[in-house]
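Novice: Quick one: the structure is below, questions incoming.
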Amino acid sequence: MINRYRWWEYLLIYAGMALFLVFMLAPFVEAFMVSLRPLNEVFRVPYRFIAEGMGFGNYVTIWTAQPMLLRWIMNSFGIAVAVTILSMFCSVPAAYAFARFEFRLRGSILAVFLVVSMVGAAVLIIPLYKLMLAAGLLNSYAAMIVPGAAFTVPVGIFLMRSYFMRIPAELEEAAYVDGASRLYTMRRVILPLAVPGMVVVAVTTFITAYAQQFLFALTFNSRNELNPLPVGLFQFFGHETVRWNEIMAASLVGVLPVLVLYVFLQRFIVAGLTAGAVKE
Amino acid sequence: AEELHIVNCGSDTEPQAPVQQKHIDEWVAENPDYTVRVEYLPWEQCQAKTLTLAAAGTPPAAAYMGSRVLKQLSASDQIVPIELSEEELASYEPSVISTVQIGGEVWGLPRAFSTKGLFWNKDLFAEAGLDMPEGPQTFEEMLTAAKAISEKTDAAGFGLPAADMDNTFHEFLNFLYSNGGQVVDADGNVVFDSPQNVETLAFYQELAKYSQEGPLAYERGGLEPLFKEGQIAMYTSYAAGRGKAEGVNFGVSLIPAGPQGEHSTLLITDSLVVFKGTGLEEPAQKLIKYLTAPERQAEFDKEGGWTPIRLGTDTDALIAEDPTWKPFIDAIPTGGPEPLMTDFVGMQDIAIENIQGVVLGELAPEEAATRIQEDLSALD
Amino acid sequence: MGDLKLNGVTKDFGSARVIHPTDLHIRDGDFTVFVGPSGCGKSTMLRMIAGLEDISEGTLEIDGRVVNKLPPAKRGIAMVFQSYALYPHMTVFENIAFPLRVERLPQAEVDARVNRAAEVLKLTERLGHRPGELSGGQRQRVAIGRAIVREPSVFLFDEPLSNLDAALRGEMRVELSRLHGQLGNTMIYVTHDQVEAMTMADRIVVLNGGHVEQSGTPLELFHRPANRFVAGFIGNPNMNFLSARIEAVEADGITVQIESGPRVTVPVDPDGASVGDQVTLGIRPDDLHPADEGLSCRVDVVERLGSSSVVYVFAPGGLPLCMVTDGTARCAPGEEILLGFDPADAHLFAADGKAFTRRQVPVDLAAISLKRTA
Amino acid sequence: MGDLKLNGVTKDFGSARVIHPTDLHIRDGDFTVFVGPSGCGKSTMLRMIAGLEDISEGTLEIDGRVVNKLPPAKRGIAMVFQSYALYPHMTVFENIAFPLRVERLPQAEVDARVNRAAEVLKLTERLGHRPGELSGGQRQRVAIGRAIVREPSVFLFDEPLSNLDAALRGEMRVELSRLHGQLGNTMIYVTHDQVEAMTMADRIVVLNGGHVEQSGTPLELFHRPANRFVAGFIGNPNMNFLSARIEAVEADGITVQIESGPRVTVPVDPDGASVGDQVTLGIRPDDLHPADEGLSCRVDVVERLGSSSVVYVFAPGGLPLCMVTDGTARCAPGEEILLGFDPADAHLFAADGKAFTRRQVPVDLAAISLKRTA
Amino acid sequence: MKTGRDPFPYLLLVPAVLLVGLIAAWPIIETFRLSFTDASMRPTQEYVGMENYTKFFNRDFWPVITRTLVWTTLSVSLKLILGLLGAVLLNAAVPGRALFRVLIMPPWVVPIAVGCFMWAWLYNGQFGMISGLGQRIGLFSGPFEFLAYKQAAFIATVVTDVWIGTPLVALYLLAAMQTVPADLYEAAWTDGASRFYRFRRITLPLLMPSIATMALLSTIWTFNSFDIIWILTEGGPRGSTTTMIIDTYRTAISRFRYGEGAARAVMILICLSVLSAIYLAMLLRLTRKGRAR
Ligand SMILES: Nc1ncnc2c1ncn2[C@@H]1O[C@H](COP(=O)(O)OP(=O)(O)OP(=O)(O)O)[C@@H](O)[C@H]1O
Ligand SMILES: Nc1ncnc2c1ncn2[C@@H]1O[C@H](COP(=O)(O)OP(=O)(O)OP(=O)(O)O)[C@@H](O)[C@H]1O
Ligand SMILES: [Mg+2]
Ligand SMILES: [Mg+2]
């Protein structure tokens with residue numbers, strides 16, 4: 001009964017939602033409208049919301065205009081997946097250590113991770129480049145994956161840590177009393193229980209990695225067939241006139257898979273964030 | 001076979017790219033010891049990336065980039081000078097080769113060349129009742145035309161680019177040079193506070209009143225569709241701009257002359273440079289000389305729609321075939337290069353910031369000139 | 001097989017001493033219960049025995065071997081946690097089998113042992129379920145199952161019943177007692193519920209603020225509490241305490257004058273008592289009864305439980321007292337009644353809380369069989 | 001002022017009927033307790049009365065006015081939640097003052113009312129603290145304080161004591177009873193603990209599976225349970241049930257033959273009974289006692305609580321029985337004992353669970369003052 | 001849990017420390033070192049002491065830091081206000097809520113560069129939707145270029161940043177909101193508190209820790225927000241959107257003054273460290289209970 005609304009409350013809520021969605025979706029509407037226009041209608045004054053000759057033609061031509069498009073989308077996906085796996089491989093054990101053990105340097109190491117999460121990669125690009133060079137990673141997927149993962153590890157650690165802290169310590173103690181080794185306990189008891197939290201962190205990392213894979217790819221990779229989508233999109237700029245309609249079509253196509261993924265996983269994300277939320 | 005890595009700013013979808021690739025393939029066929037890998041990068045990121053590569057000690061063997069970086073690259077000991085024979089040197093117009101010459105040495109080979117002309121929409125001029133069959137020839141005529149068009153038609157008089165992009169400065173230089181102004185004199189001193197410069201700034205400020213809405217959001221690329229749509233009656237562009245004005249009844253004339261100068265233009269070249277420290281300096285030099293040899297370069301220019309780097313019989317034929325080429329070629333001898341300063345980005349930032357001030361009406365022309373003069377002088 | 005000795009064991013958390021030097025001997029096969037108020041160190045003690053917590057000083061011996069440095073798994077103990085600590089992602093079978101999996105026993109052996117345990121605990125039907133699908137009592141039994149498959153010599157329980165409702169609690173109490181009777185292992189059981197302590201223990205260890213206050217059989221503690229703390233802690237409802245002053249010390253007892261009350265002679269060993277001392281007289285609610293003369297009290301609240309009633313009264317001076325009577329009490333709130341007691345039922349405590357030893361107790365403590373289950 | 005009438009009230013969650021049509025009259029000033037096993041619908045009933053949950057069918061009247069559509073605040077009720085629902089970010093003062101703030105009372109009035117409530121509840125010292133700094137009992141009192149400042153005509157409590165430990169629970173029970181005595185409002189109290197129900201209620205309503213099984217005074221329910229469910233639910237330890245067959249039906253009682261036991265005549269109204277019927281005989285643990293002849297039982301577990309003992313035995317045929325004796329029971333596990341009872345104490349239930357009305361009960365139910373506090 | 005010289009936790013840290021230490025920590029240290037040199041494109045470099053810092057302080061520091069703080073504060077407050085509003089709407093039990101939950105998320109999911117392209121279009125005066133539709137309905141008399149004027153561009157970049165950052169804030173606050181026990185609301189309702197009163201007196205105070213956490217995290221992210229401004233305005237017009245990170249990038253990467261750029265990067269780090277200290281203190285205070293076992 002507490003969730004019953006009066007008519008004006010409904011009105012207010014839906015009006016609020018509508019306004020919110022207008023703000024959140026306007027750029028997508030714009031992009032979509034642009035993507036439907038033929039090029040000569042893109043630059044047409046005065047502005048018309050519905051232009052002549054609108055259609056899905058661009059969604060067909062992008063694949064031939066940039067034959068690598070599919071490859072870029074796959075790269076983006078692949079790189080984001082790899083970043084996620086590598087990042088999780090590092091952040092999950094570390095978060096467990098921070099959540100459960102008292103050890104010297106714990107505070108300082110945690111602080112270092114915090115500081116790292118505070119530095120934008122943009123200003124570190126030259127030392128990073130030297131590093132990639134020394135490691136011989138340039139022009140490989142690894143060049144985009146490794147630094148991408150490194151900069152997502154700190155946030156991953158913080159999220160996972162609060163999740164681990166919610167798993168009762170007694171479960172581990174019970175396992176120790178039963179003779180299980182620490183690794184066995186972690187593998188058989190802790191990790192299976194942390195799965196919901198790991199899903200959240202993985203999805204967050206994935207989305208971050210997907211949304212922010214421009215700088216590293218641009219700087220550390222010079223092989224077009226390895227490029228992720230955002231870098232690839234810049235190649236639409238090369239024409240006589242920038243083919244904005246195709247760029248928008250390609251962008252929307254590139255965003256779609258992640259959006260679908262999000263739709264499927266959103267339940268877990270809300271629930272998992274709830275678990276991670278700092279309380280009391 | 002060793003690989004020559006070449007960074008090419010721009011896109012491989014540009015029309016001249018296949019030509020270049022064809023030439024490279026030919027060269028590789030002649031020099032089987034080497035392979036060539038060309039990496040195309042968007043202009044926005046290209047320079048930064050190439051220089052990051054250089055700073056980290058792994059430069060490409062050669063790169064195609066704006067000539068304005070040459071001074072910084074050579075001062076930083078990143079590129080090697082190109083040895084040209086007298087004959088090779090002589091094949092270039094002096095004003096063109098000057099864009100790559102620093103301290104008597106040639107640091108790169110001009111690859112793409114552009115000069116600017118004033119595009120004007122004949123229909124709009126007619127609509128505004130202007131009688132200028134050859135287009136505006138002086139600053140004053142230009143202002144008159146712009147004012148008339150702004151007042152009498154729906155279009156703006158002029159398309160003024162003033163965004164935070166290099167071509168804001170470039171477009172300004174066209175007018176500066178056409179008014180006899182200079183940024184740096186022959187001895188390398190900054191001379192920005194000259195009366196000519198102040199006058200040009202004042203002209204710009206006036207022009208801004210009859211320009212399209214929001215000049216600070218525009219660079220040249222953004223003006224092209226406006227011109228095409230008849231929203232602006234004039235703007236300056238390079239030769240390839242003609243192809244982008246399809247369907248418009250337009251004329252191209254020389255940049256109007258200021259009260260204290262004559263028709264001029266900014267000469268911009270992009271050039272091929274050879275980086276130091278790759279161990280491949282020699283074949284790289286061979287390759288770029290091969291690519292820029294007169295006949296191949298001409299083919300490249302033609303395909304790309306660039307102003308020909310070398311003048312000659314080909315050029316006359318070009319004009320004969322398409323008279324609109326004339327203003328772009330005629331301006332070459334009187335044109336001026338980009339001011340060669342080591343910190344060219346710094347220079348540009350200073351100039352753009354103050355030009356924007358003038359365009360917005362926030363800075364008086366004198367004030368802007370003094371500021372630019374001071375800041376440029378302080379630049380090391 | 002399961003004989004534990006604590007010698008001067010202490011525990012410090014940082015600079016805070018949580019367990020003061022403690023000597024304790026827990027005999028093989030005993031059901032020992034640790035009781036005490038919250039925060040007194042019960043869990044800490046248990047966790048030190050389990051090896052989950054370092055021992056700060058002193059030694060812990062199991063079957064004559066010092067085990068201070070041994071990890072939990074090597075001590076031959078099994079622990080049932082207050083929260084059961086069942087693995088929510090495993091079935092009941094896998095939960096119970098967990099210690100055996102750790103030891104990598106062959107599947108056949110695992111099956112056999114788990115099934116045997118499940119039978120003892122009446123869990124056979126539930127082996128395929130997850131803990132989330134079980135009732136509280138069933139979960140409890142799974143936790144016990146996980147402990148018994150290891151066939152440990154010592155069982156540790158940390159308040160295993162505190163999450164259950166009263167009915168299930170009573171049931172589980174009986175089951176645990178029966179289990180102890182069947183297995184005969186040493187069991188150490190932590191609780192803060194003294195009813196559990198009384199009903200289940202062979203021996204009770206009363207802890208308070210990191211000290212052992214008294215250890216002994218439940219009836220010893222009930223009838224001969226060593227001090228006022230134990231007297232107040234053991235027994236439900238709590239013992240009533242009255243201030244008194246010693247009037248006379250004789251060989252067969254101490255005569256005291258109760259504050260705004262009668263004068264009584266309590267039959268205790270008078271060692272250390274002297275006339276004029278301030279003492280406390282303790283009397284259990286069950287031993288108070290309406291009388292023709294005695295303390296004149298005003299009835300405050302009456303709780304009628306059907307077969308018995310609890311009457312809360314205010315004694316002269318506003319001191320609240322509690323009395324339990326059989327059946328349905330007939331007094332009404334506000335009524336004045338006189339309460340009396342048999343001095344032989346009273347306890348007497350010196351000013352420092354130490355009890356004077358009682359001469360007689362209603363039952364022969366030694367004669368009663370300690371075993372409560374077959 | 002606080003007279004509640006439920007007329008044919010039902011509750012459906014989706015297609016599941018959780019409360020079956022219920023008529024109930026709760027008189028002004030009564031302390032009514034809802035008891036029943038978990039999931040029987042107690043909370044749902046309370047929440048419908050509070051207005052937190054829609055009533056599916058039927059009407060709820062408060063003081064003669066149908067309030068089905070009224071939001072909680074307009075019903076003149078106050079509710080104390082099981083979890084207390086204290087606002088963790090507010091001080092005790094602000095928690096208690098919350099309803100007054102909502103009403104925008106002037107500060108002076110708020111101060112006065114809160115202080116008065118705090119005094120009644122002995123919280124004056126704690127007014128500046130946050131709930132996190134309080135003990136369970138204190139939190140409980142804050143929750144009550146927040147309810148009483150509103151001066152509601154009806155108080156609703158949802159298992160307010162279930163989170164407390166036994167000692168505190170006892171204490172709070174007494175305090176709530178005293179509060180009711182002082183305020184005289186109508187109180188409706190939900191619990192699944194029948195001890196609470198017995199000690200606090202003027203009237204108990206026993207719910208089971210969404211039905212009202214019986215409603216009456218505690219002693220009525222204890223001594224005259226309407227059916228086997230109520231008999232088993234009320235009283236601790238639970239009533240023992242023995243299968244029996246009717247041998248003879250006479251005016252003054254029914255004679256039954258207990259399965260593998262003696263033959264007894266139970267003094268009940270024999271309405272509806274006929275010879276040969278299968279019936280159940282119920283006898284409370286307190287009413288069982290060792291006897292010279294009777295059921296021959298083997299002792300299983302003995303729990304000695306000090307002042308009383310609980311003995312669990314197996315009757316012939318393996319039926320488990322429970323007996324409570326005073327003091328310390330002297331029997332040992334494994335021992336065979338004979339248990340008997342006075343037939344007048346026995347209850348008799350028909351095959352469908354309905355009780356035969358008992359002729360006599362040990363107390364005169366009507367004569368006992370219902371008030372338990374001054 | 002046992003403490004002491006147990007190697008296990010250290011083992012668990014190995015992968016993270018290796019990866020982060022190598023990939024992120026080393027460049028940070030290197031940046032520190034570079035800040036005391038005159039590093040540029042030249043292959044050699046010399047130590048110049050504090051010169052890079054004094055230069056920065058003497059010229060650009062105060063305008064840039066002020067602008068950065070205003071930009072950050074504006075953006076963060078908007079994100080929090082909108083995020084809170086969004087969370088409230090997401091939490092409302094009305095039909096269509098599930099759809100709303102999905103539709104609010106795309107800005108978070110979209111690659112930042114792509115998002116900026118879209119906004120660049122929206123802000124375009126001639127061909128963009130806002131100006132276009134605005135003229136249609138008579139909001140503007142002619143085309144309006146949002147990125148051509150100092151204030152407008154400043155606000156436009158903030159709006160885009162808010163657009164990208166709001167969904168995560170909303171999601172996070174929604175999650176926090178759902179941890180508020182339902183009975184608190186029921187209790188307040190029983191006491192007659194209106195929906196708004198309940199929000200103000202219960203939801204908001206209880207959300208405060210989460211809001212504070214988000215505020216700090218968001219401040220850090222916003223302070224470092226680079227792509228949005230770079231793609232939309234490159235710091236213009238007339239420097240009106242040049243925040244510290246843009247200034248640093250321009251100096252170090254565009255102008256190849258690595259030494260000076262490094263000094264500015266270090267300044268960012270110092271600014272953020274102050275914030276991080278606050279954050280860390282809060283985090284520790286908030287989670288101490290959870291750890292004490
Ligand atoms: N890890 C720790 N660090 C510091 N003090 C601790 C720690 N664990 C327990 N203590 C303190 O030691 C004392 C004893 O705690 P313990 O858990 O043994 O109490 P307990 O008797 O089990 O109480 P309860 O009945 O409430 O479970 C308490 O005062 C507690 O605050
Ligand atoms: N929102 C709901 N939707 C569906 N079924 C519900 C809902 N709330 C309660 N129920 C069901 O209604 C029945 C009665 O629930 P209720 O909470 O009233 O039980 P209760 O008597 O209070 O039990 P407890 O003692 O465990 O609190 C239960 O079977 C429960 O599963
Ligand atoms: Mg404990
Ligand atoms: Mg309930």
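By order in the structure tokens, chains are A, B, ...; within a chain, residues start at 1; ligands start at 1, following the order shown.
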May I ask you to write as number ranges by chain all residues lying at most 6 Å from ligand 1, with only C-alpha atoms and all ligand atoms counted?
Specialist: C: 13, 18, 37-44, 192; E: 293
Novice: Export N, CA, C and O atoms of the chosen residues as a PDB file, in the first residue's frame?
Specialist:
ATOM      1  N   PHE C  13      44.418  -9.080  22.733  1.00  0.00           N
ATOM      2  CA  PHE C  13      44.207  -8.463  21.415  1.00  0.00           C
ATOM      3  C   PHE C  13      44.868  -7.109  21.484  1.00  0.00           C
ATOM      4  O   PHE C  13      44.385  -6.214  22.169  1.00  0.00           O
ATOM      5  N   VAL C  18      42.163 -10.175  27.027  1.00  0.00           N
ATOM      6  CA  VAL C  18      40.791 -10.651  26.939  1.00  0.00           C
ATOM      7  C   VAL C  18      40.599 -11.922  27.764  1.00  0.00           C
ATOM      8  O   VAL C  18      39.543 -12.161  28.326  1.00  0.00           O
ATOM      9  N   PRO C  37      28.401 -14.039  30.495  1.00  0.00           N
ATOM     10  CA  PRO C  37      27.723 -12.961  29.769  1.00  0.00           C
ATOM     11  C   PRO C  37      28.430 -12.648  28.457  1.00  0.00           C
ATOM     12  O   PRO C  37      29.554 -13.090  28.229  1.00  0.00           O
ATOM     13  N   SER C  38      27.764 -11.896  27.656  1.00  0.00           N
ATOM     14  CA  SER C  38      28.326 -11.532  26.363  1.00  0.00           C
ATOM     15  C   SER C  38      29.652 -10.796  26.533  1.00  0.00           C
ATOM     16  O   SER C  38      29.786  -9.935  27.397  1.00  0.00           O
ATOM     17  N   GLY C  39      30.616 -11.176  25.730  1.00  0.00           N
ATOM     18  CA  GLY C  39      31.905 -10.485  25.760  1.00  0.00           C
ATOM     19  C   GLY C  39      32.847 -10.982  26.828  1.00  0.00           C
ATOM     20  O   GLY C  39      33.917 -10.424  27.026  1.00  0.00           O
ATOM     21  N   CYS C  40      32.500 -12.087  27.505  1.00  0.00           N
ATOM     22  CA  CYS C  40      33.352 -12.533  28.602  1.00  0.00           C
ATOM     23  C   CYS C  40      34.525 -13.363  28.116  1.00  0.00           C
ATOM     24  O   CYS C  40      35.420 -13.687  28.877  1.00  0.00           O
ATOM     25  N   GLY C  41      34.542 -13.721  26.850  1.00  0.00           N
ATOM     26  CA  GLY C  41      35.691 -14.454  26.329  1.00  0.00           C
ATOM     27  C   GLY C  41      35.411 -15.900  25.975  1.00  0.00           C
ATOM     28  O   GLY C  41      36.334 -16.675  25.718  1.00  0.00           O
ATOM     29  N   LYS C  42      34.180 -16.298  25.946  1.00  0.00           N
ATOM     30  CA  LYS C  42      33.842 -17.681  25.636  1.00  0.00           C
ATOM     31  C   LYS C  42      34.310 -18.083  24.239  1.00  0.00           C
ATOM     32  O   LYS C  42      34.992 -19.091  24.049  1.00  0.00           O
ATOM     33  N   SER C  43      33.913 -17.274  23.259  1.00  0.00           N
ATOM     34  CA  SER C  43      34.284 -17.615  21.887  1.00  0.00           C
ATOM     35  C   SER C  43      35.784 -17.606  21.734  1.00  0.00           C
ATOM     36  O   SER C  43      36.362 -18.474  21.067  1.00  0.00           O
ATOM     37  N   THR C  44      36.427 -16.632  22.345  1.00  0.00           N
ATOM     38  CA  THR C  44      37.875 -16.541  22.230  1.00  0.00           C
ATOM     39  C   THR C  44      38.529 -17.813  22.744  1.00  0.00           C
ATOM     40  O   THR C  44      39.433 -18.372  22.127  1.00  0.00           O
ATOM     41  N   HIS C 192      25.487 -18.556  26.061  1.00  0.00           N
ATOM     42  CA  HIS C 192      25.267 -17.595  27.130  1.00  0.00           C
ATOM     43  C   HIS C 192      23.918 -17.857  27.785  1.00  0.00           C
ATOM     44  O   HIS C 192      23.455 -17.089  28.596  1.00  0.00           O
TER      45      HIS C 192
ATOM     46  N   ARG E 293      36.997  -8.571  12.856  1.00  0.00           N
ATOM     47  CA  ARG E 293      36.404  -9.884  13.090  1.00  0.00           C
ATOM     48  C   ARG E 293      37.255 -10.635  14.080  1.00  0.00           C
ATOM     49  O   ARG E 293      38.429 -10.701  13.906  1.00  0.00           O
TER      50      ARG E 293
END
Novice: Using DSSP on the backbone coordinates, identify all residues within segment 10-203 of chain A classified as alpha helix (DSSP H); present the result as number ranges by chain.
Specialist: A: 10-36, 39-42, 57-65, 69-100, 106-117, 125-134, 141-165, 169-177, 182-185, 191-203
Novice: Name all residues at most 9 Å from Ile6 of chain B (count only C-alpha atoms; drop same-chain ones fewer than 5 positions away) and give them as a ChimeraX atom specification.
Specialist: /B:36-40,60-64,284
Novice: What are the closest atom pairs, with distances in Å to one decimal, for all residues of chain A lying within 7 Å of chain B? Consider only C-alpha atoms, order rows by chain and residue number, and present the result as CSV.
Specialist:
residue,atom,partner,partner_atom,distance
A:Phe43,CA,B:Pro225,CA,6.0
A:Arg44,CA,B:Glu229,CA,6.6
A:Val45,CA,B:Glu229,CA,6.5
A:Ile126,CA,B:Thr52,CA,6.5
A:Tyr129,CA,B:Ala56,CA,6.9
A:Lys130,CA,B:Ala56,CA,5.5
A:Thr219,CA,B:Lys49,CA,5.9
A:Ser222,CA,B:Glu39,CA,6.4
A:Phe234,CA,B:Pro42,CA,6.6
A:Gln235,CA,B:Ser11,CA,6.4
A:Gly238,CA,B:Ser11,CA,4.6
A:His239,CA,B:Glu14,CA,5.9
Novice: So, with only C-alpha atoms as the atoms that count, which of E:Val94, E:Ala152, E:Leu269, E:Val88 lies closest to chain B?
Specialist: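 Smallest distance to chain B is found for E:Ala152.
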Novice: Which chain C residues are at most 6 Å from chain A (counting only C-alpha atoms), as a short mmCIF file (atom, residue, chain, number, x, y, z; two decimals) with N, CA, C and O atoms, in the first residue's frame?
Specialist:
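The resulting file, result32.cif, is reproduced below:
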data_model
loop_
_atom_site.label_atom_id
_atom_site.label_comp_id
_atom_site.auth_asym_id
_atom_site.auth_seq_id
_atom_site.Cartn_x
_atom_site.Cartn_y
_atom_site.Cartn_z
N PRO C 72 44.53 -25.79 12.85
CA PRO C 72 43.27 -26.41 13.29
C PRO C 72 43.12 -27.85 12.83
O PRO C 72 42.75 -28.73 13.60
N ALA C 73 43.44 -28.09 11.57
CA ALA C 73 43.16 -29.40 11.00
C ALA C 73 43.92 -30.51 11.70
O ALA C 73 43.50 -31.65 11.72
N ALA C 85 27.85 -21.97 9.54
CA ALA C 85 28.89 -21.88 8.52
C ALA C 85 28.75 -22.99 7.48
O ALA C 85 29.73 -23.62 7.10
N PRO C 99 35.01 -32.31 4.72
CA PRO C 99 36.29 -32.68 5.35
C PRO C 99 36.90 -33.94 4.72
O PRO C 99 38.12 -34.07 4.65
N VAL C 102 38.56 -33.04 1.51
CA VAL C 102 39.86 -32.42 1.78
C VAL C 102 40.91 -33.51 1.97
O VAL C 102 42.03 -33.41 1.48
#
Novice: Show me, as a list in words, the residues of chain D whose atoms get within 7 Å of chain C, using only C-alpha atoms for the distance check.
Specialist: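 Interface list for chain D against chain C: Val174, Val195, Met198, Thr199, Leu219, Phe222, Gly235, Asp286, Asp300, Val301, Val302, Glu303, Arg304, Leu305, Gly306, Ser307, Arg330, Ala332, Pro333, Gly334, Ile368, Ser369, Arg372, Thr373 and Ala374 of chain D.
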Novice: I'd like to know which residues of segment 134-253 of chain B are strand (DSSP E or B) (by DSSP, run on the backbone); could you write them as JSON, numbers by chain?
Specialist: {"B": [138, 156, 157, 158, 184, 190, 211, 232, 233, 234, 235, 236, 237, 238, 250, 251, 252, 253]}
Novice: Counting only C-alpha atoms, collect the residues of chain B whose closest atom lies at most 9 Å from chain E, and write them out as a count of residues only.
Specialist: 37
Novice: Could you check the closest approach to chain E for each of D:Ser56, D:Gln82, D:Thr22, D:Thr91 and tell me which residue wins, using only C-alpha atoms?
Specialist: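 Looking only at the distances to chain E, the closest residue turns out to be D:Gln82.
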